[in-house]
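Student: My structure is in structure32.cif, and what it holds is mmCIF, C-alpha atoms, pLDDT in the B column; chains and numbers go by the auth columns:
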```
data_structure
#
loop_
_atom_site.group_PDB
_atom_site.id
_atom_site.type_symbol
_atom_site.label_atom_id
_atom_site.label_comp_id
_atom_site.label_asym_id
_atom_site.label_seq_id
_atom_site.Cartn_x
_atom_site.Cartn_y
_atom_site.Cartn_z
_atom_site.B_iso_or_equiv
_atom_site.auth_seq_id
_atom_site.auth_asym_id
ATOM 1 C CA MET A 1 219.618 -54.915 42.717 53.00 841 A
ATOM 2 C CA ASN A 2 220.595 -51.244 42.628 71.00 842 A
ATOM 3 C CA THR A 3 223.407 -50.705 45.161 86.00 843 A
ATOM 4 C CA ALA A 4 222.500 -47.014 45.475 88.00 844 A
ATOM 5 C CA LEU A 5 219.049 -48.003 46.699 87.00 845 A
ATOM 6 C CA ASP A 6 220.596 -50.574 49.058 87.00 846 A
ATOM 7 C CA ARG A 7 222.742 -47.803 50.559 86.00 847 A
ATOM 8 C CA LEU A 8 219.751 -45.484 50.964 87.00 848 A
ATOM 9 C CA ALA A 9 217.795 -48.244 52.694 87.00 849 A
ATOM 10 C CA GLY A 10 220.666 -49.209 55.006 89.00 850 A
ATOM 11 C CA LEU A 11 221.923 -45.824 56.190 92.00 851 A
ATOM 12 C CA PRO A 12 220.381 -44.249 59.291 95.00 852 A
ATOM 13 C CA LEU A 13 218.450 -40.996 59.024 96.00 853 A
ATOM 14 C CA GLY A 14 220.761 -38.049 59.666 96.00 854 A
ATOM 15 C CA THR A 15 223.616 -39.496 57.605 96.00 855 A
ATOM 16 C CA ARG A 16 225.350 -36.895 55.432 97.00 856 A
ATOM 17 C CA MET A 17 225.295 -38.123 51.876 96.00 857 A
ATOM 18 C CA VAL A 18 225.290 -37.265 48.205 97.00 858 A
ATOM 19 C CA VAL A 19 222.633 -38.609 45.830 97.00 859 A
ATOM 20 C CA ARG A 20 222.940 -38.282 42.048 97.00 860 A
ATOM 21 C CA TYR A 21 219.544 -38.383 40.410 97.00 861 A
ATOM 22 C CA ARG A 22 217.816 -37.755 37.091 97.00 862 A
ATOM 23 C CA ILE A 23 216.233 -34.371 36.494 94.00 863 A
ATOM 24 C CA GLY A 24 214.756 -33.732 33.061 92.00 864 A
ATOM 25 C CA ASP A 25 217.232 -34.953 30.426 94.00 865 A
ATOM 26 C CA GLY A 26 220.264 -34.780 32.728 97.00 866 A
ATOM 27 C CA LEU A 27 221.573 -35.573 36.188 97.00 867 A
ATOM 28 C CA THR A 28 222.120 -33.466 39.292 97.00 868 A
ATOM 29 C CA ASP A 29 223.356 -34.042 42.847 97.00 869 A
ATOM 30 C CA ALA A 30 221.802 -33.445 46.246 97.00 870 A
ATOM 31 C CA LEU A 31 224.308 -33.090 49.117 97.00 871 A
ATOM 32 C CA GLY A 32 223.018 -33.038 52.677 97.00 872 A
ATOM 33 C CA GLU A 33 221.485 -35.140 55.436 96.00 873 A
ATOM 34 C CA LEU A 34 219.139 -38.027 54.765 97.00 874 A
ATOM 35 C CA SER A 35 216.079 -36.693 56.571 97.00 875 A
ATOM 36 C CA ALA A 36 213.251 -39.002 55.441 96.00 876 A
ATOM 37 C CA ARG A 37 212.467 -42.024 53.323 94.00 877 A
ATOM 38 C CA ASP A 38 209.409 -44.068 52.442 93.00 878 A
ATOM 39 C CA SER A 39 208.491 -46.718 49.889 91.00 879 A
ATOM 40 C CA HIS A 40 208.614 -44.202 46.983 93.00 880 A
ATOM 41 C CA GLY A 41 211.664 -42.056 47.666 94.00 881 A
ATOM 42 C CA CYS A 42 213.828 -40.126 50.077 96.00 882 A
ATOM 43 C CA THR A 43 214.374 -36.551 51.212 97.00 883 A
ATOM 44 C CA ILE A 44 217.804 -34.942 51.493 97.00 884 A
ATOM 45 C CA SER A 45 218.048 -31.768 53.597 98.00 885 A
ATOM 46 C CA THR A 46 220.451 -29.535 51.652 97.00 886 A
ATOM 47 C CA ARG A 47 221.715 -26.030 52.474 94.00 887 A
ATOM 48 C CA SER A 48 219.112 -24.591 50.106 96.00 888 A
ATOM 49 C CA GLY A 49 216.229 -26.677 51.488 97.00 889 A
ATOM 50 C CA PRO A 50 214.791 -30.187 51.342 98.00 890 A
ATOM 51 C CA VAL A 51 215.008 -32.172 48.090 97.00 891 A
ATOM 52 C CA THR A 52 212.621 -35.096 47.588 97.00 892 A
ATOM 53 C CA ILE A 53 213.922 -37.747 45.184 97.00 893 A
ATOM 54 C CA ALA A 54 211.960 -40.668 43.738 95.00 894 A
ATOM 55 C CA TYR A 55 213.823 -43.981 43.932 94.00 895 A
ATOM 56 C CA ASP A 56 213.256 -44.492 40.196 94.00 896 A
ATOM 57 C CA ASP A 57 215.405 -41.391 39.515 95.00 897 A
ATOM 58 C CA VAL A 58 218.374 -42.365 41.740 95.00 898 A
ATOM 59 C CA HIS A 59 221.604 -43.266 39.924 94.00 899 A
ATOM 60 C CA LEU A 60 224.208 -43.108 42.711 94.00 900 A
ATOM 61 C CA ALA A 61 224.176 -42.618 46.472 95.00 901 A
ATOM 62 C CA LYS A 62 226.910 -42.676 49.084 94.00 902 A
ATOM 63 C CA ALA A 63 227.696 -41.439 52.559 94.00 903 A
ATOM 64 C CA VAL A 64 230.188 -38.574 52.732 96.00 904 A
ATOM 65 C CA PRO A 65 232.265 -37.163 55.610 95.00 905 A
ATOM 66 C CA PRO A 66 231.198 -34.047 57.506 91.00 906 A
ATOM 67 C CA PRO A 67 232.043 -30.685 55.915 86.00 907 A
ATOM 68 C CA PRO A 68 235.373 -29.113 56.838 87.00 908 A
ATOM 69 C CA PRO A 69 235.313 -26.416 59.531 90.00 909 A
ATOM 70 C CA PRO A 70 234.943 -22.824 58.291 88.00 910 A
ATOM 71 C CA ARG A 71 238.206 -21.138 57.392 87.00 911 A
ATOM 72 C CA ALA A 72 239.389 -18.097 59.291 87.00 912 A
ATOM 73 C CA ARG A 73 238.831 -14.775 57.559 84.00 913 A
ATOM 74 C CA ARG A 74 241.837 -13.106 56.029 83.00 914 A
ATOM 75 C CA LEU A 75 242.803 -9.664 57.255 78.00 915 A
ATOM 76 C CA GLN A 76 243.320 -6.988 54.615 75.00 916 A
ATOM 77 C CA GLY A 77 246.642 -5.329 55.099 63.00 917 A
#
```
Go through the file and emit its structure as C-alpha cells.
Tutor:
Amino acid sequence: MNTALDRLAGLPLGTRMVVRYRIGDGLTDALGELSARDSHGCTISTRSGPVTIAYDDVHLAKAVPPPPPPRARRLQG
C-alpha cells in the first residue's frame, strides 16, 4: 500500500501538509492545509489557492509544522 495515501487518509482536515505529485512529465509540491478529500483525490489550500490532486498522481505526503512567525521589518539607517 502507498504510505502517502495512508497518511492522506489518516490525517484530519485542516492539517498543514506538503504533497508531492505528478504534473505533466515532472513533479511539483503543494504546501498548505488539507481542506477536502474524497474517493478520487484531495484538495490542498495553498497561499495561491486550492490545488486538487488525484490520488493516482501522489508520490509523497507528510504533515509539516506551522509556518514560522513573520520577521520584523528592518529599519533603513
Student: Pick out the closest residue to Leu867 of chain A from this set: A:Arg847, A:Arg887, A:Arg911, A:His899. Count only C-alpha atoms.
Tutor: A:His899
Student: Edge lengths and centre in Å to one decimal, as lines of an AutoDock Vina configuration file, is what I'm after for the box along x, y and z that holds all listed atoms of segment 883-886 of chain A once 3 Å is added on each side.
Tutor:
```
center_x = 217.4
center_y = -33.0
center_z = 52.4
size_x = 12.1
size_y = 13.0
size_z = 8.4
```
Student: Using only C-alpha atoms, what residues lie at most 9 Å away from (216.1, -39.1, 42.7) (file coordinates), given as a ChimeraX atom specification?
Tutor: /A:859-863,868-870,881-882,891-899
Student: Taking (219.0, -41.3, 59.8) as a centre in this file's frame and 9 Å as the limit, can you find every polymer residue with an atom that close, using only C-alpha atoms, and give them as a list in words?
Tutor: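 The distance filter leaves exactly Leu851, Pro852, Leu853, Gly854, Thr855, Arg856, Glu873, Leu874, Ser875 and Ala876 of chain A.
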Student: With a distance cut-off of 12 Å and only C-alpha atoms, select the neighbouring residues of Pro905 of chain A, excluding the residue or stretch itself and same-chain residues fewer than 3 positions from it, and output the selection as a VMD selection string.
Tutor: chain A and resid 855 to 858 871 to 873 902 908 to 909
Student: Which value, in Å to one decimal, gives the distance between atom CA of Gly866 of chain A and atom CA of Asp878 of chain A?
Tutor: 24.3 Å
Student: Output segment 852-863 of chain A with all heavy atoms present, as a PDB file, keeping the file's coordinate frame.
Tutor:
```pdb
ATOM      1  N   PRO A 852     221.323 -44.861  58.348  1.00 95.00           N
ATOM      2  CA  PRO A 852     220.381 -44.249  59.291  1.00 95.00           C
ATOM      3  C   PRO A 852     220.030 -42.820  58.877  1.00 95.00           C
ATOM      4  O   PRO A 852     220.824 -42.137  58.223  1.00 95.00           O
ATOM      5  CB  PRO A 852     221.141 -44.262  60.621  1.00 95.00           C
ATOM      6  CG  PRO A 852     222.571 -44.337  60.254  1.00 95.00           C
ATOM      7  CD  PRO A 852     222.650 -45.062  58.940  1.00 95.00           C
ATOM      8  N   LEU A 853     218.834 -42.388  59.248  1.00 96.00           N
ATOM      9  CA  LEU A 853     218.450 -40.996  59.024  1.00 96.00           C
ATOM     10  C   LEU A 853     219.451 -40.096  59.726  1.00 96.00           C
ATOM     11  O   LEU A 853     219.962 -40.428  60.795  1.00 96.00           O
ATOM     12  CB  LEU A 853     217.033 -40.740  59.537  1.00 96.00           C
ATOM     13  CG  LEU A 853     215.919 -41.486  58.818  1.00 96.00           C
ATOM     14  CD1 LEU A 853     214.574 -41.138  59.441  1.00 96.00           C
ATOM     15  CD2 LEU A 853     215.897 -41.194  57.336  1.00 96.00           C
ATOM     16  N   GLY A 854     219.772 -38.971  59.109  1.00 96.00           N
ATOM     17  CA  GLY A 854     220.761 -38.049  59.666  1.00 96.00           C
ATOM     18  C   GLY A 854     222.134 -38.222  59.053  1.00 96.00           C
ATOM     19  O   GLY A 854     223.019 -37.403  59.287  1.00 96.00           O
ATOM     20  N   THR A 855     222.336 -39.269  58.261  1.00 96.00           N
ATOM     21  CA  THR A 855     223.616 -39.496  57.605  1.00 96.00           C
ATOM     22  C   THR A 855     223.829 -38.442  56.528  1.00 96.00           C
ATOM     23  O   THR A 855     222.937 -38.156  55.734  1.00 96.00           O
ATOM     24  CB  THR A 855     223.658 -40.892  56.943  1.00 96.00           C
ATOM     25  OG1 THR A 855     223.471 -41.874  57.942  1.00 96.00           O
ATOM     26  CG2 THR A 855     224.966 -41.136  56.232  1.00 96.00           C
ATOM     27  N   ARG A 856     225.015 -37.848  56.491  1.00 97.00           N
ATOM     28  CA  ARG A 856     225.350 -36.895  55.432  1.00 97.00           C
ATOM     29  C   ARG A 856     225.699 -37.696  54.189  1.00 97.00           C
ATOM     30  O   ARG A 856     226.506 -38.624  54.232  1.00 97.00           O
ATOM     31  CB  ARG A 856     226.524 -36.008  55.855  1.00 97.00           C
ATOM     32  CG  ARG A 856     226.829 -34.918  54.852  1.00 97.00           C
ATOM     33  CD  ARG A 856     227.800 -33.912  55.456  1.00 97.00           C
ATOM     34  NE  ARG A 856     227.968 -32.773  54.598  1.00 97.00           N
ATOM     35  CZ  ARG A 856     229.008 -32.595  53.789  1.00 97.00           C
ATOM     36  NH1 ARG A 856     229.976 -33.491  53.748  1.00 97.00           N
ATOM     37  NH2 ARG A 856     229.092 -31.526  53.030  1.00 97.00           N
ATOM     38  N   MET A 857     225.075 -37.338  53.081  1.00 96.00           N
ATOM     39  CA  MET A 857     225.295 -38.123  51.876  1.00 96.00           C
ATOM     40  C   MET A 857     225.102 -37.283  50.624  1.00 96.00           C
ATOM     41  O   MET A 857     224.608 -36.160  50.679  1.00 96.00           O
ATOM     42  CB  MET A 857     224.377 -39.336  51.856  1.00 96.00           C
ATOM     43  CG  MET A 857     222.908 -39.050  51.891  1.00 96.00           C
ATOM     44  SD  MET A 857     221.924 -40.558  52.009  1.00 96.00           S
ATOM     45  CE  MET A 857     222.771 -41.677  50.953  1.00 96.00           C
ATOM     46  N   VAL A 858     225.528 -37.857  49.512  1.00 97.00           N
ATOM     47  CA  VAL A 858     225.290 -37.265  48.205  1.00 97.00           C
ATOM     48  C   VAL A 858     224.496 -38.275  47.386  1.00 97.00           C
ATOM     49  O   VAL A 858     224.779 -39.469  47.412  1.00 97.00           O
ATOM     50  CB  VAL A 858     226.600 -36.853  47.501  1.00 97.00           C
ATOM     51  CG1 VAL A 858     227.486 -38.040  47.212  1.00 97.00           C
ATOM     52  CG2 VAL A 858     226.316 -36.075  46.234  1.00 97.00           C
ATOM     53  N   VAL A 859     223.470 -37.772  46.688  1.00 97.00           N
ATOM     54  CA  VAL A 859     222.633 -38.609  45.830  1.00 97.00           C
ATOM     55  C   VAL A 859     222.618 -37.972  44.443  1.00 97.00           C
ATOM     56  O   VAL A 859     222.274 -36.800  44.294  1.00 97.00           O
ATOM     57  CB  VAL A 859     221.188 -38.722  46.369  1.00 97.00           C
ATOM     58  CG1 VAL A 859     220.328 -39.547  45.418  1.00 97.00           C
ATOM     59  CG2 VAL A 859     221.173 -39.315  47.763  1.00 97.00           C
ATOM     60  N   ARG A 860     223.036 -38.736  43.438  1.00 97.00           N
ATOM     61  CA  ARG A 860     222.940 -38.282  42.048  1.00 97.00           C
ATOM     62  C   ARG A 860     221.641 -38.841  41.483  1.00 97.00           C
ATOM     63  O   ARG A 860     221.370 -40.031  41.591  1.00 97.00           O
ATOM     64  CB  ARG A 860     224.128 -38.770  41.239  1.00 97.00           C
ATOM     65  CG  ARG A 860     224.026 -38.344  39.770  1.00 97.00           C
ATOM     66  CD  ARG A 860     225.338 -38.380  39.085  1.00 97.00           C
ATOM     67  NE  ARG A 860     226.145 -37.305  39.642  1.00 97.00           N
ATOM     68  CZ  ARG A 860     227.445 -37.172  39.416  1.00 97.00           C
ATOM     69  NH1 ARG A 860     228.078 -38.031  38.667  1.00 97.00           N
ATOM     70  NH2 ARG A 860     228.116 -36.183  39.959  1.00 97.00           N
ATOM     71  N   TYR A 861     220.850 -37.963  40.898  1.00 97.00           N
ATOM     72  CA  TYR A 861     219.544 -38.383  40.410  1.00 97.00           C
ATOM     73  C   TYR A 861     219.197 -37.678  39.101  1.00 97.00           C
ATOM     74  O   TYR A 861     219.774 -36.649  38.756  1.00 97.00           O
ATOM     75  CB  TYR A 861     218.461 -38.143  41.462  1.00 97.00           C
ATOM     76  CG  TYR A 861     218.251 -36.699  41.844  1.00 97.00           C
ATOM     77  CD1 TYR A 861     217.187 -35.979  41.318  1.00 97.00           C
ATOM     78  CD2 TYR A 861     219.096 -36.053  42.734  1.00 97.00           C
ATOM     79  CE1 TYR A 861     216.971 -34.656  41.674  1.00 97.00           C
ATOM     80  CE2 TYR A 861     218.898 -34.733  43.092  1.00 97.00           C
ATOM     81  CZ  TYR A 861     217.835 -34.042  42.555  1.00 97.00           C
ATOM     82  OH  TYR A 861     217.634 -32.737  42.899  1.00 97.00           O
ATOM     83  N   ARG A 862     218.254 -38.267  38.384  1.00 97.00           N
ATOM     84  CA  ARG A 862     217.816 -37.755  37.091  1.00 97.00           C
ATOM     85  C   ARG A 862     216.875 -36.569  37.304  1.00 97.00           C
ATOM     86  O   ARG A 862     215.987 -36.602  38.131  1.00 97.00           O
ATOM     87  CB  ARG A 862     217.101 -38.860  36.315  1.00 97.00           C
ATOM     88  CG  ARG A 862     216.664 -38.485  34.931  1.00 97.00           C
ATOM     89  CD  ARG A 862     216.021 -39.616  34.139  1.00 97.00           C
ATOM     90  NE  ARG A 862     215.196 -40.492  34.956  1.00 97.00           N
ATOM     91  CZ  ARG A 862     215.484 -41.776  35.211  1.00 97.00           C
ATOM     92  NH1 ARG A 862     216.568 -42.323  34.725  1.00 97.00           N
ATOM     93  NH2 ARG A 862     214.673 -42.504  35.943  1.00 97.00           N
ATOM     94  N   ILE A 863     217.113 -35.533  36.518  1.00 94.00           N
ATOM     95  CA  ILE A 863     216.233 -34.371  36.494  1.00 94.00           C
ATOM     96  C   ILE A 863     216.123 -33.933  35.038  1.00 94.00           C
ATOM     97  O   ILE A 863     217.119 -33.583  34.415  1.00 94.00           O
ATOM     98  CB  ILE A 863     216.744 -33.241  37.412  1.00 94.00           C
ATOM     99  CG1 ILE A 863     215.781 -32.087  37.433  1.00 94.00           C
ATOM    100  CG2 ILE A 863     218.116 -32.788  37.042  1.00 94.00           C
ATOM    101  CD1 ILE A 863     216.063 -31.051  38.492  1.00 94.00           C
TER     102      ILE A 863
END
```
